[in-house]
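Report on the following structure.
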4 protein chains.
Amino acid sequence: MIIIMEPEATDQQIQNVIDTIHSNGMRTVVNKGIVQTVIAAIGDTHKFSTDLFEIIDGVRKVERIQVPYKLVSRDSHEDDTVVTVAGKIKIGGDNPPVIMAGPCSVDTEENMISIARIAKECGAKMLRGGAFKPRTGPRGFEGLGKKGLELLAQARKETGLAVVTEVMDARDLDLVCEYADMLQVGARNMQNFSLLNEIGLTDKPVLLKRGLSATIDEWLLAAERIMDKGNYNIVFCERGIRTFDNKYTRNTSDIAAIPVIQRISHLPIVFDPSHATGKWNLVSPLSKAAILAGAHGLIIEIHPDPEKALSDGPQTLNYKNFKKLSEEIERLISVISSTSPV
Amino acid sequence: MIIIMEPEATDQQIQNVIDTIHSNGMRTVVNKGIVQTVIAAIGDTHKFSTDLFEIIDGVRKVERIQVPYKLVSRDSHEDDTVVTVAGKIKIGGDNPPVIMAGPCSVDTEENMISIARIAKECGAKMLRGGAFKPRTGPRGFEGLGKKGLELLAQARKETGLAVVTEVMDARDLDLVCEYADMLQVGARNMQNFSLLNEIGLTDKPVLLKRGLSATIDEWLLAAERIMDKGNYNIVFCERGIRTFDNKYTRNTSDIAAIPVIQRISHLPIVFDPSHATGKWNLVSPLSKAAILAGAHGLIIEIHPDPEKALSDGPQTLNYKNFKKLSEEIERLISVISSTSPV
Amino acid sequence: MIIIMEPEATDQQIQNVIDTIHSNGMRTVVNKGIVQTVIAAIGDTHKFSTDLFEIIDGVRKVERIQVPYKLVSRDSHEDDTVVTVAGKIKIGGDNPPVIMAGPCSVDTEENMISIARIAKECGAKMLRGGAFKPRTGPRGFEGLGKKGLELLAQARKETGLAVVTEVMDARDLDLVCEYADMLQVGARNMQNFSLLNEIGLTDKPVLLKRGLSATIDEWLLAAERIMDKGNYNIVFCERGIRTFDNKYTRNTSDIAAIPVIQRISHLPIVFDPSHATGKWNLVSPLSKAAILAGAHGLIIEIHPDPEKALSDGPQTLNYKNFKKLSEEIERLISVISSTSPV
Amino acid sequence: MIIIMEPEATDQQIQNVIDTIHSNGMRTVVNKGIVQTVIAAIGDTHKFSTDLFEIIDGVRKVERIQVPYKLVSRDSHEDDTVVTVAGKIKIGGDNPPVIMAGPCSVDTEENMISIARIAKECGAKMLRGGAFKPRTGPRGFEGLGKKGLELLAQARKETGLAVVTEVMDARDLDLVCEYADMLQVGARNMQNFSLLNEIGLTDKPVLLKRGLSATIDEWLLAAERIMDKGNYNIVFCERGIRTFDNKYTRNTSDIAAIPVIQRISHLPIVFDPSHATGKWNLVSPLSKAAILAGAHGLIIEIHPDPEKALSDGPQTLNYKNFKKLSEEIERLISVISSTSPV
């Protein structure tokens, strides 16, 4: 940690900083510059908050040099982590991008089976679908709950697709674990620390969505929390962030987050074009863009009849468009091997 | 709801929209303009999402005319709501602003008693303090839990101050209700719908903090959810939002949200200058600004020795500064009666 | 325009709105709903601001139905516009993406000739380079001015590449027009209306960068202003927007803006991965992503020795990496024809 | 400047950084930590960009310790600067807040005289009004130009109020200087560097509005540029920033920027509640809030008949409300002396 003093800091104030560093078991290197004094605290600084020094009189600024995350960082694990779902699906590393597809909300048995068959036929390896749905307002449809999980399991049995579904409440975790192959943490729960802690105690693979306005660092720290409890099977999911303009897209697709995460962390990252854009006719160009940016997979909302879907109709692809996209992605993947990132 | 068609929409597409409106029990008024057709859906539109129409071919845009909240709105309750805490403290309406003060985290018995006494002496009516603390990273101090609640209760016994403290997990709700006079919902949990639902089933007053990047509408809908379950004792708390610049302040204080909420809703609103600014030397000017903007109260972090506080030291006032601020606010309140908002 | 009245609006207030509409030469359609009255103003509404009605007592909200831009809209020009630069380079429509490359700032003759040759060899059609440079602080390098323009012209003569360069001040416009094949409007000048007006009076092709925090609508209106003066040769350039997180990227790449603009407008759009990311090692993945999202071109910073470039070193590709990227894009373009957007 | 190396940086890479520092005339202090090496560059670092080091292999991050502005900083000028307008009006320091009032756009002679009289009667010291108006779209009213300046001068003659008005184009500067007592730089031109440079060469007082999404540092640097050219008479004007929520307010009022600027800089700062909120009924509470936060003045839009104003009607106060606000501010000012910021 680097502690930068005010130009007018007194010798006593400088000494106070040095004493605080020593009393916390760290060493100091002091640079008395022409304008101001700069003190480096060396040692196990990640244990301490910058607060420790910011509060001392005469301190202008405190800079952290070491990053606050450790387990998620490539510094601690150089090779790509490959997360295995349902014992067979490999996400990350050099594995081809994994397509996850399905409805926003699980609705009828007939639809789930039909969607799962189409998804499989188009090359998807995983089935998505919400049994528990977060809704901004109090009077919307909040999912079928256990019944929804059963329908997902049935569709899995019919098709062999693995199931990823959201868990919103630590009290539902055992139930969801019984049915799901992968747990989804939704954007609104990315900082629900109780939930993250409990998920960290399971061994289920986790799809960790980025919070609506979470920084990359906060997102990494949410993963760090899960890993800290013991669960290392984490896949990041970029799903768009909130910015000043949402007239033409529901969120702003932060495509650069894909290669950024891959440089900082060894964990895989996938992209959700449906929530990121909120418009079915932007799903195809953004899916292809994400693949070229290096995404390890895509999670896409599809429905036989988006007009009748129980939620998120406008961002949902119908079968015809999903088939077309799947074929295009197939062709793209075949040229990617020769176009890896610099 | 107003459905605006594309200029090139076909008669069949227009008819599809009309049919959808009718089949959902609403009436239509159709304006065939020179450029494009606009269809108004009249009736119980708040039951439906705009999705219902956005997905139909030929539709350009759907505008909601009625607001999606109802119980929180002044349209449904013209007079100011006054929330009563601990049977005696009145927040809202023409009551003088209520000061809530205390440490970020509850630490020692000695400190809690000392802080509570000072808070009372300076005119505070309520004691704040965290027993359960949300922390971005996994290895920070997360609060004393039940022990912290007991210390709060003890300080209340000594001073008569009412206690407001955060509940982060629905599983802790019964425990927190046992000790607290008012439940705080933190910024990160403003859209933790499971938690809001459970709190809605209690009758404890609620301090509902605004999410870090929650729109005013999302904040109102979080309150709507609690009211929808039956708990009407809600106080909003503005605590700063996330914007593009956080170099000099932790968050951006959205002071205008205070009069905005007061025009839209009948519920009271208080301001948290400590989290909004993140700097103790901005707490005083922003507190006074909030009072003049119409805030029904302030929630301020204080500590006898901010350098030794277990968290949030840099934004915490020491006793000397808190006393000074309290006296200034006292004087301001005496002139406000004659300077009410236009 | 749709004028939505307050539920408690009086008949007189409703009549005031109707009178205002009529006195401005528009027709009305009035819907008296159960909750509130909604009035549609029909006619030449784009001439009027929503202000006209928002100020009338009893009005809750005014919604514009027609978009405020006209000339840039696909509604007024269905086919893609192709902008021709230097009489030979075609940007837009089905033409293959155009690569523009060069240094941030023009520096030495030797470098410019060398860069231009490499750019050409790698398939670039245009040479970029700043002779006038905007700098946030007052004491940075602000470009070689006329000397820089001469060096660009010399490099064009040697290689046949067309030249695009920024004009920052209306007073430099004649000079820049003498040398440049295409005028660049920088992000900071996207709302410099004097400059846009003057550029609109020339017939030079324009590369219109998006303002740092400009909405899509504001960007379209900046182009509308240029077209309104008579210059129809406009190419949009997405270069990243300002959001809450700039720790790992200089800006947030709004890749979705590419297909969004293409749906709303007939004008072409290119992408600037260097400014959008600010990191040379993100230029390659984002360039490829933009091409797949439909970009009509890329504008990339390159330099033989980025460490010695006069500005923007960290986001500048060296020759080796630029060659690699060019080859990858070449291969990608060959598969795109068969992967057009849904 | 602090250069932080990657943990795996080689000795050669470390040496490259040290050589670069020395070859630019600075000294080094090198700390070889357990995890990574940190190098401090000491000397005249404000001459160099962080780019110089970011581009070197093995460098992880470069932190600037000294701020990039100098003349605007309190470090270089401890006492408050008081800016004098028209030889008599004092803005800044302990002087009472200065009220500037007037229409958004100058319209008729009759209105201007009437507004100026009311403004004076209510205690305003300065008259505001736009003769040159920036408009997002190309077909709005863009001001009366020279005729508008003449009307402002006439109103000044009648009332003795000083005149502040916007200059948008360096080519209009001489003309505007002839009529205005203070030059306004609008939000959209805060980074129009040509304009700032020219204004820096005059000796007119400047009202420097904050750009829509300008950071505090960028705003300080815009002032630094003007001072660097020789003009030291600068007053900052906070007018709201762009954030993710603009449903209920046109911009987000960054009230904390007022005390922040006062801590960093010796220059005065005023607040513009009309543009910051965009709603006349928020002007009063936000004006009072700004005064309590320490603003050295307010600039408020007023008009005898806001419904008929040529622009910005919805955010404009009528006379009755302006009188009421003026009286309230008068009373507030009388108590402020005893409630200065901590």
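Every chain in the structure tokens takes a letter, A first, then B, and so on in the order presented; its residues are numbered from 1, and the ligands are numbered from 1 following the presented order.
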
Check which residues of chain A sit at most 6 Å from chain B using only C-alpha atoms, and return one row each with the closest pair of atoms and their distance in Å to one decimal, ordered by chain and rising number, as JSON lines.
```
{"residue": "A:Ile55", "atom": "CA", "partner": "B:Pro314", "partner_atom": "CA", "distance": 5.1}
{"residue": "A:Gly137", "atom": "CA", "partner": "B:Leu221", "partner_atom": "CA", "distance": 5.3}
{"residue": "A:Pro138", "atom": "CA", "partner": "B:Arg225", "partner_atom": "CA", "distance": 4.6}
{"residue": "A:Leu221", "atom": "CA", "partner": "B:Gly137", "partner_atom": "CA", "distance": 5.3}
{"residue": "A:Arg225", "atom": "CA", "partner": "B:Pro138", "partner_atom": "CA", "distance": 4.6}
{"residue": "A:Glu307", "atom": "CA", "partner": "B:Ile55", "partner_atom": "CA", "distance": 5.7}
{"residue": "A:Gly313", "atom": "CA", "partner": "B:Asp51", "partner_atom": "CA", "distance": 6.0}
{"residue": "A:Pro314", "atom": "CA", "partner": "B:Ile55", "partner_atom": "CA", "distance": 4.9}
```

Contacts of Lys204 of chain A at 10 Å (only C-alpha atoms; same-chain gap of 2+ positions) as a PyMOL selection string
chain A and resi 84-86+177+180-183+199-202+206-207+231-234

Once you have the residues from the selection above, write them out as a PDB file, in the first residue's frame, restricted to N, CA and C atoms.
```pdb
ATOM      1  N   THR A  84     -16.596 -28.119 -15.484  1.00  0.00           N
ATOM      2  CA  THR A  84     -17.335 -29.248 -16.054  1.00  0.00           C
ATOM      3  C   THR A  84     -18.738 -29.304 -15.451  1.00  0.00           C
ATOM      4  N   VAL A  85     -19.750 -29.329 -16.315  1.00  0.00           N
ATOM      5  CA  VAL A  85     -21.142 -29.355 -15.854  1.00  0.00           C
ATOM      6  C   VAL A  85     -21.734 -30.730 -16.189  1.00  0.00           C
ATOM      7  N   ALA A  86     -22.427 -31.300 -15.217  1.00  0.00           N
ATOM      8  CA  ALA A  86     -23.093 -32.599 -15.408  1.00  0.00           C
ATOM      9  C   ALA A  86     -22.120 -33.668 -15.879  1.00  0.00           C
ATOM     10  N   CYS A 177     -30.574 -27.372  -5.833  1.00  0.00           N
ATOM     11  CA  CYS A 177     -29.443 -28.281  -6.053  1.00  0.00           C
ATOM     12  C   CYS A 177     -29.904 -29.682  -6.447  1.00  0.00           C
ATOM     13  N   ALA A 180     -30.937 -28.933 -10.368  1.00  0.00           N
ATOM     14  CA  ALA A 180     -30.104 -28.224 -11.349  1.00  0.00           C
ATOM     15  C   ALA A 180     -28.732 -28.865 -11.511  1.00  0.00           C
ATOM     16  N   ASP A 181     -28.154 -28.727 -12.709  1.00  0.00           N
ATOM     17  CA  ASP A 181     -26.756 -29.111 -12.926  1.00  0.00           C
ATOM     18  C   ASP A 181     -25.828 -27.927 -12.696  1.00  0.00           C
ATOM     19  N   MET A 182     -26.399 -26.726 -12.799  1.00  0.00           N
ATOM     20  CA  MET A 182     -25.598 -25.523 -12.605  1.00  0.00           C
ATOM     21  C   MET A 182     -26.513 -24.476 -11.974  1.00  0.00           C
ATOM     22  N   LEU A 183     -25.980 -23.750 -10.962  1.00  0.00           N
ATOM     23  CA  LEU A 183     -26.770 -22.739 -10.251  1.00  0.00           C
ATOM     24  C   LEU A 183     -26.514 -21.374 -10.885  1.00  0.00           C
ATOM     25  N   ILE A 199     -23.811 -20.848  -1.392  1.00  0.00           N
ATOM     26  CA  ILE A 199     -23.462 -21.500  -2.655  1.00  0.00           C
ATOM     27  C   ILE A 199     -22.006 -21.957  -2.622  1.00  0.00           C
ATOM     28  N   GLY A 200     -21.171 -21.175  -1.944  1.00  0.00           N
ATOM     29  CA  GLY A 200     -19.757 -21.539  -1.831  1.00  0.00           C
ATOM     30  C   GLY A 200     -19.552 -22.847  -1.083  1.00  0.00           C
ATOM     31  N   LEU A 201     -20.542 -23.233  -0.280  1.00  0.00           N
ATOM     32  CA  LEU A 201     -20.427 -24.472   0.494  1.00  0.00           C
ATOM     33  C   LEU A 201     -20.892 -25.695  -0.290  1.00  0.00           C
ATOM     34  N   THR A 202     -21.504 -25.473  -1.466  1.00  0.00           N
ATOM     35  CA  THR A 202     -21.902 -26.613  -2.309  1.00  0.00           C
ATOM     36  C   THR A 202     -20.773 -26.888  -3.307  1.00  0.00           C
ATOM     37  N   VAL A 206     -21.388 -22.876 -10.855  1.00  0.00           N
ATOM     38  CA  VAL A 206     -22.144 -21.636 -10.653  1.00  0.00           C
ATOM     39  C   VAL A 206     -21.998 -20.745 -11.884  1.00  0.00           C
ATOM     40  N   LEU A 207     -23.117 -20.187 -12.353  1.00  0.00           N
ATOM     41  CA  LEU A 207     -23.093 -19.170 -13.402  1.00  0.00           C
ATOM     42  C   LEU A 207     -23.327 -17.832 -12.702  1.00  0.00           C
ATOM     43  N   ASN A 231     -16.001 -23.525  -3.192  1.00  0.00           N
ATOM     44  CA  ASN A 231     -16.519 -23.927  -4.502  1.00  0.00           C
ATOM     45  C   ASN A 231     -15.752 -23.192  -5.605  1.00  0.00           C
ATOM     46  N   TYR A 232     -15.009 -23.958  -6.399  1.00  0.00           N
ATOM     47  CA  TYR A 232     -14.132 -23.350  -7.422  1.00  0.00           C
ATOM     48  C   TYR A 232     -14.739 -23.386  -8.822  1.00  0.00           C
ATOM     49  N   ASN A 233     -15.956 -23.921  -8.952  1.00  0.00           N
ATOM     50  CA  ASN A 233     -16.544 -24.141 -10.287  1.00  0.00           C
ATOM     51  C   ASN A 233     -17.381 -22.955 -10.740  1.00  0.00           C
ATOM     52  N   ILE A 234     -16.725 -21.842 -11.046  1.00  0.00           N
ATOM     53  CA  ILE A 234     -17.464 -20.616 -11.330  1.00  0.00           C
ATOM     54  C   ILE A 234     -17.270 -20.198 -12.779  1.00  0.00           C
TER      55      ILE A 234
END
```

Skipping near chain neighbours, those fewer than 4 positions away, what residues fall within 8 Å of segment 24-38 of chain D using only C-alpha atoms, listed as an NGL selection string?
(:A and (29 or 31 or 42-43)) or (:D and (2-9 or 14 or 18 or 20 or 42-45))

Could the residues in this selection be saved with C-alpha atoms as an mmCIF file, in the first residue's frame?
```cif
data_model
loop_
_atom_site.group_PDB
_atom_site.id
_atom_site.type_symbol
_atom_site.label_atom_id
_atom_site.label_comp_id
_atom_site.auth_asym_id
_atom_site.auth_seq_id
_atom_site.Cartn_x
_atom_site.Cartn_y
_atom_site.Cartn_z
ATOM 1 C CA VAL A 29 9.880 2.479 2.920
ATOM 2 C CA ASN A 31 10.377 8.634 0.232
ATOM 3 C CA ILE A 42 5.125 -3.639 2.675
ATOM 4 C CA GLY A 43 3.890 -7.000 3.889
ATOM 5 C CA ILE D 2 4.616 5.405 -8.880
ATOM 6 C CA ILE D 3 5.287 2.601 -11.358
ATOM 7 C CA ILE D 4 4.052 -0.780 -10.174
ATOM 8 C CA MET D 5 5.629 -3.770 -11.959
ATOM 9 C CA GLU D 6 4.011 -7.133 -12.695
ATOM 10 C CA PRO D 7 4.976 -9.832 -10.163
ATOM 11 C CA GLU D 8 6.734 -11.699 -12.982
ATOM 12 C CA ALA D 9 8.579 -8.647 -14.398
ATOM 13 C CA ILE D 14 12.667 -3.086 -14.283
ATOM 14 C CA ILE D 18 14.514 3.079 -14.397
ATOM 15 C CA THR D 20 13.255 5.847 -18.934
ATOM 16 C CA ILE D 42 10.696 11.822 -8.364
ATOM 17 C CA GLY D 43 11.073 15.248 -9.950
ATOM 18 C CA ASP D 44 9.103 17.292 -12.400
ATOM 19 C CA THR D 45 6.602 14.523 -13.100
#
```

What lies within 10 Å of Leu127 of chain D using only C-alpha atoms, ignoring chain neighbours under 6 positions off, as a PDB file with N, CA and C atoms, in the first residue's frame?
```pdb
ATOM      1  N   ILE D  99     -26.983  36.331  -6.489  1.00  0.00           N
ATOM      2  CA  ILE D  99     -28.050  35.764  -7.317  1.00  0.00           C
ATOM      3  C   ILE D  99     -27.951  36.330  -8.731  1.00  0.00           C
ATOM      4  N   MET D 100     -27.925  35.433  -9.728  1.00  0.00           N
ATOM      5  CA  MET D 100     -28.008  35.823 -11.137  1.00  0.00           C
ATOM      6  C   MET D 100     -29.342  35.286 -11.634  1.00  0.00           C
ATOM      7  N   ALA D 101     -30.120  36.117 -12.294  1.00  0.00           N
ATOM      8  CA  ALA D 101     -31.438  35.653 -12.736  1.00  0.00           C
ATOM      9  C   ALA D 101     -31.737  36.223 -14.103  1.00  0.00           C
ATOM     10  N   GLY D 102     -32.625  35.541 -14.810  1.00  0.00           N
ATOM     11  CA  GLY D 102     -33.023  36.013 -16.124  1.00  0.00           C
ATOM     12  C   GLY D 102     -33.601  34.883 -16.946  1.00  0.00           C
ATOM     13  N   PRO D 103     -33.961  35.192 -18.187  1.00  0.00           N
ATOM     14  CA  PRO D 103     -34.592  34.184 -19.034  1.00  0.00           C
ATOM     15  C   PRO D 103     -33.535  33.245 -19.605  1.00  0.00           C
ATOM     16  N   MET D 112     -37.304  41.706 -21.382  1.00  0.00           N
ATOM     17  CA  MET D 112     -35.978  41.851 -20.772  1.00  0.00           C
ATOM     18  C   MET D 112     -35.977  42.936 -19.703  1.00  0.00           C
ATOM     19  N   ILE D 115     -38.087  41.694 -16.747  1.00  0.00           N
ATOM     20  CA  ILE D 115     -37.382  40.662 -15.982  1.00  0.00           C
ATOM     21  C   ILE D 115     -36.244  41.284 -15.171  1.00  0.00           C
ATOM     22  N   ALA D 116     -35.501  42.185 -15.794  1.00  0.00           N
ATOM     23  CA  ALA D 116     -34.360  42.790 -15.105  1.00  0.00           C
ATOM     24  C   ALA D 116     -34.834  43.568 -13.875  1.00  0.00           C
ATOM     25  N   ARG D 117     -35.950  44.275 -14.021  1.00  0.00           N
ATOM     26  CA  ARG D 117     -36.469  45.040 -12.867  1.00  0.00           C
ATOM     27  C   ARG D 117     -36.868  44.122 -11.721  1.00  0.00           C
ATOM     28  N   ALA D 119     -35.833  41.072 -11.224  1.00  0.00           N
ATOM     29  CA  ALA D 119     -34.630  40.429 -10.699  1.00  0.00           C
ATOM     30  C   ALA D 119     -33.968  41.348  -9.680  1.00  0.00           C
ATOM     31  N   LYS D 120     -33.826  42.613 -10.057  1.00  0.00           N
ATOM     32  CA  LYS D 120     -33.174  43.558  -9.156  1.00  0.00           C
ATOM     33  C   LYS D 120     -33.966  43.733  -7.856  1.00  0.00           C
ATOM     34  N   LEU D 152     -29.672  42.921 -23.723  1.00  0.00           N
ATOM     35  CA  LEU D 152     -29.083  42.716 -22.397  1.00  0.00           C
ATOM     36  C   LEU D 152     -28.426  44.010 -21.905  1.00  0.00           C
ATOM     37  N   ALA D 153     -27.700  44.667 -22.820  1.00  0.00           N
ATOM     38  CA  ALA D 153     -27.012  45.902 -22.433  1.00  0.00           C
ATOM     39  C   ALA D 153     -28.020  46.982 -22.035  1.00  0.00           C
ATOM     40  N   ALA D 155     -31.006  46.470 -20.758  1.00  0.00           N
ATOM     41  CA  ALA D 155     -31.560  46.121 -19.447  1.00  0.00           C
ATOM     42  C   ALA D 155     -30.555  46.456 -18.338  1.00  0.00           C
ATOM     43  N   ARG D 156     -29.283  46.281 -18.624  1.00  0.00           N
ATOM     44  CA  ARG D 156     -28.254  46.662 -17.655  1.00  0.00           C
ATOM     45  C   ARG D 156     -28.300  48.159 -17.385  1.00  0.00           C
ATOM     46  N   THR D 159     -31.147  49.078 -15.106  1.00  0.00           N
ATOM     47  CA  THR D 159     -31.216  48.534 -13.747  1.00  0.00           C
ATOM     48  C   THR D 159     -29.885  48.523 -13.000  1.00  0.00           C
ATOM     49  N   GLY D 160     -28.789  48.624 -13.735  1.00  0.00           N
ATOM     50  CA  GLY D 160     -27.499  48.518 -13.055  1.00  0.00           C
ATOM     51  C   GLY D 160     -27.046  47.103 -12.806  1.00  0.00           C
ATOM     52  N   LEU D 161     -27.854  46.114 -13.198  1.00  0.00           N
ATOM     53  CA  LEU D 161     -27.420  44.719 -13.041  1.00  0.00           C
ATOM     54  C   LEU D 161     -26.255  44.437 -13.998  1.00  0.00           C
ATOM     55  N   ALA D 162     -25.317  43.595 -13.573  1.00  0.00           N
ATOM     56  CA  ALA D 162     -24.253  43.156 -14.481  1.00  0.00           C
ATOM     57  C   ALA D 162     -24.791  42.027 -15.356  1.00  0.00           C
ATOM     58  N   VAL D 163     -24.197  41.824 -16.523  1.00  0.00           N
ATOM     59  CA  VAL D 163     -24.710  40.860 -17.496  1.00  0.00           C
ATOM     60  C   VAL D 163     -23.753  39.681 -17.659  1.00  0.00           C
ATOM     61  N   VAL D 164     -24.311  38.446 -17.532  1.00  0.00           N
ATOM     62  CA  VAL D 164     -23.553  37.241 -17.861  1.00  0.00           C
ATOM     63  C   VAL D 164     -24.269  36.543 -19.015  1.00  0.00           C
ATOM     64  N   THR D 165     -23.522  36.174 -20.044  1.00  0.00           N
ATOM     65  CA  THR D 165     -24.143  35.536 -21.209  1.00  0.00           C
ATOM     66  C   THR D 165     -23.142  34.596 -21.871  1.00  0.00           C
ATOM     67  N   ASP D 181     -20.532  41.475 -19.034  1.00  0.00           N
ATOM     68  CA  ASP D 181     -19.651  41.697 -17.888  1.00  0.00           C
ATOM     69  C   ASP D 181     -18.977  40.397 -17.469  1.00  0.00           C
ATOM     70  N   ILE D 299     -27.629  30.744 -10.163  1.00  0.00           N
ATOM     71  CA  ILE D 299     -28.033  31.304 -11.442  1.00  0.00           C
ATOM     72  C   ILE D 299     -29.356  30.644 -11.822  1.00  0.00           C
ATOM     73  N   ILE D 300     -30.405  31.458 -11.872  1.00  0.00           N
ATOM     74  CA  ILE D 300     -31.775  30.938 -11.914  1.00  0.00           C
ATOM     75  C   ILE D 300     -32.527  31.490 -13.121  1.00  0.00           C
ATOM     76  N   GLU D 301     -33.258  30.605 -13.804  1.00  0.00           N
ATOM     77  CA  GLU D 301     -34.074  31.059 -14.930  1.00  0.00           C
ATOM     78  C   GLU D 301     -35.427  31.574 -14.452  1.00  0.00           C
TER      79      GLU D 301
END
```

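Relative to atom CA of Ala276 of chain A, atom CA of Thr215 of chain A is found at 15.7 Å.
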
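Interatomic distance, atom CA of Ser105 of chain A against atom CA of Ala257 of chain C: 27.9 Å.
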
Between atom CA of Ile269 of chain A and atom CA of Ala295 of chain A, measure the distance and give it in Å to one decimal.
5.9 Å

Which of segment 128-214 of chain D DSSP labels alpha helix (DSSP H), written as a PyMOL selection string
chain D and resi 146-159+173-179+193-200

Output for the residues just chosen: C-alpha atoms as a PDB file, in the first residue's frame:
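The result, stored in out.pdb:
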```
ATOM      1  CA  LYS D 146     -26.137  40.582 -31.596  1.00  0.00           C
ATOM      2  CA  LYS D 147     -29.681  41.896 -31.132  1.00  0.00           C
ATOM      3  CA  GLY D 148     -29.903  39.809 -27.960  1.00  0.00           C
ATOM      4  CA  LEU D 149     -26.656  41.278 -26.636  1.00  0.00           C
ATOM      5  CA  GLU D 150     -28.015  44.787 -27.233  1.00  0.00           C
ATOM      6  CA  LEU D 151     -31.180  44.009 -25.290  1.00  0.00           C
ATOM      7  CA  LEU D 152     -29.083  42.716 -22.397  1.00  0.00           C
ATOM      8  CA  ALA D 153     -27.012  45.902 -22.433  1.00  0.00           C
ATOM      9  CA  GLN D 154     -30.169  47.987 -22.437  1.00  0.00           C
ATOM     10  CA  ALA D 155     -31.560  46.121 -19.447  1.00  0.00           C
ATOM     11  CA  ARG D 156     -28.254  46.662 -17.655  1.00  0.00           C
ATOM     12  CA  LYS D 157     -28.480  50.378 -18.340  1.00  0.00           C
ATOM     13  CA  GLU D 158     -31.992  50.502 -16.895  1.00  0.00           C
ATOM     14  CA  THR D 159     -31.216  48.534 -13.747  1.00  0.00           C
ATOM     15  CA  LEU D 173     -15.766  36.397 -28.602  1.00  0.00           C
ATOM     16  CA  ASP D 174     -14.943  40.021 -29.393  1.00  0.00           C
ATOM     17  CA  LEU D 175     -18.590  40.803 -29.934  1.00  0.00           C
ATOM     18  CA  VAL D 176     -19.696  39.169 -26.693  1.00  0.00           C
ATOM     19  CA  CYS D 177     -16.897  40.836 -24.722  1.00  0.00           C
ATOM     20  CA  GLU D 178     -18.163  44.203 -25.925  1.00  0.00           C
ATOM     21  CA  TYR D 179     -21.511  43.660 -24.194  1.00  0.00           C
ATOM     22  CA  PHE D 193     -10.256  23.848 -26.114  1.00  0.00           C
ATOM     23  CA  SER D 194     -10.013  26.476 -28.863  1.00  0.00           C
ATOM     24  CA  LEU D 195     -12.701  28.511 -27.130  1.00  0.00           C
ATOM     25  CA  LEU D 196     -11.105  28.110 -23.685  1.00  0.00           C
ATOM     26  CA  ASN D 197      -7.731  29.197 -25.045  1.00  0.00           C
ATOM     27  CA  GLU D 198      -9.188  32.384 -26.525  1.00  0.00           C
ATOM     28  CA  ILE D 199     -11.134  33.202 -23.372  1.00  0.00           C
ATOM     29  CA  GLY D 200      -7.924  32.744 -21.422  1.00  0.00           C
TER      30      GLY D 200
END
```

Excluding Gly240 of chain A and any residue of its chain fewer than 3 positions from it, enumerate the residues within 8 Å of it, using only C-alpha atoms, and give them as a PyMOL selection string.
chain A and resi 210+212+251-254+272+275-277

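Using only C-alpha atoms, the smallest distance between any of D:Val98, D:Leu208, D:Ala293, D:Ile216 and Gly186 of chain D comes from D:Leu208.
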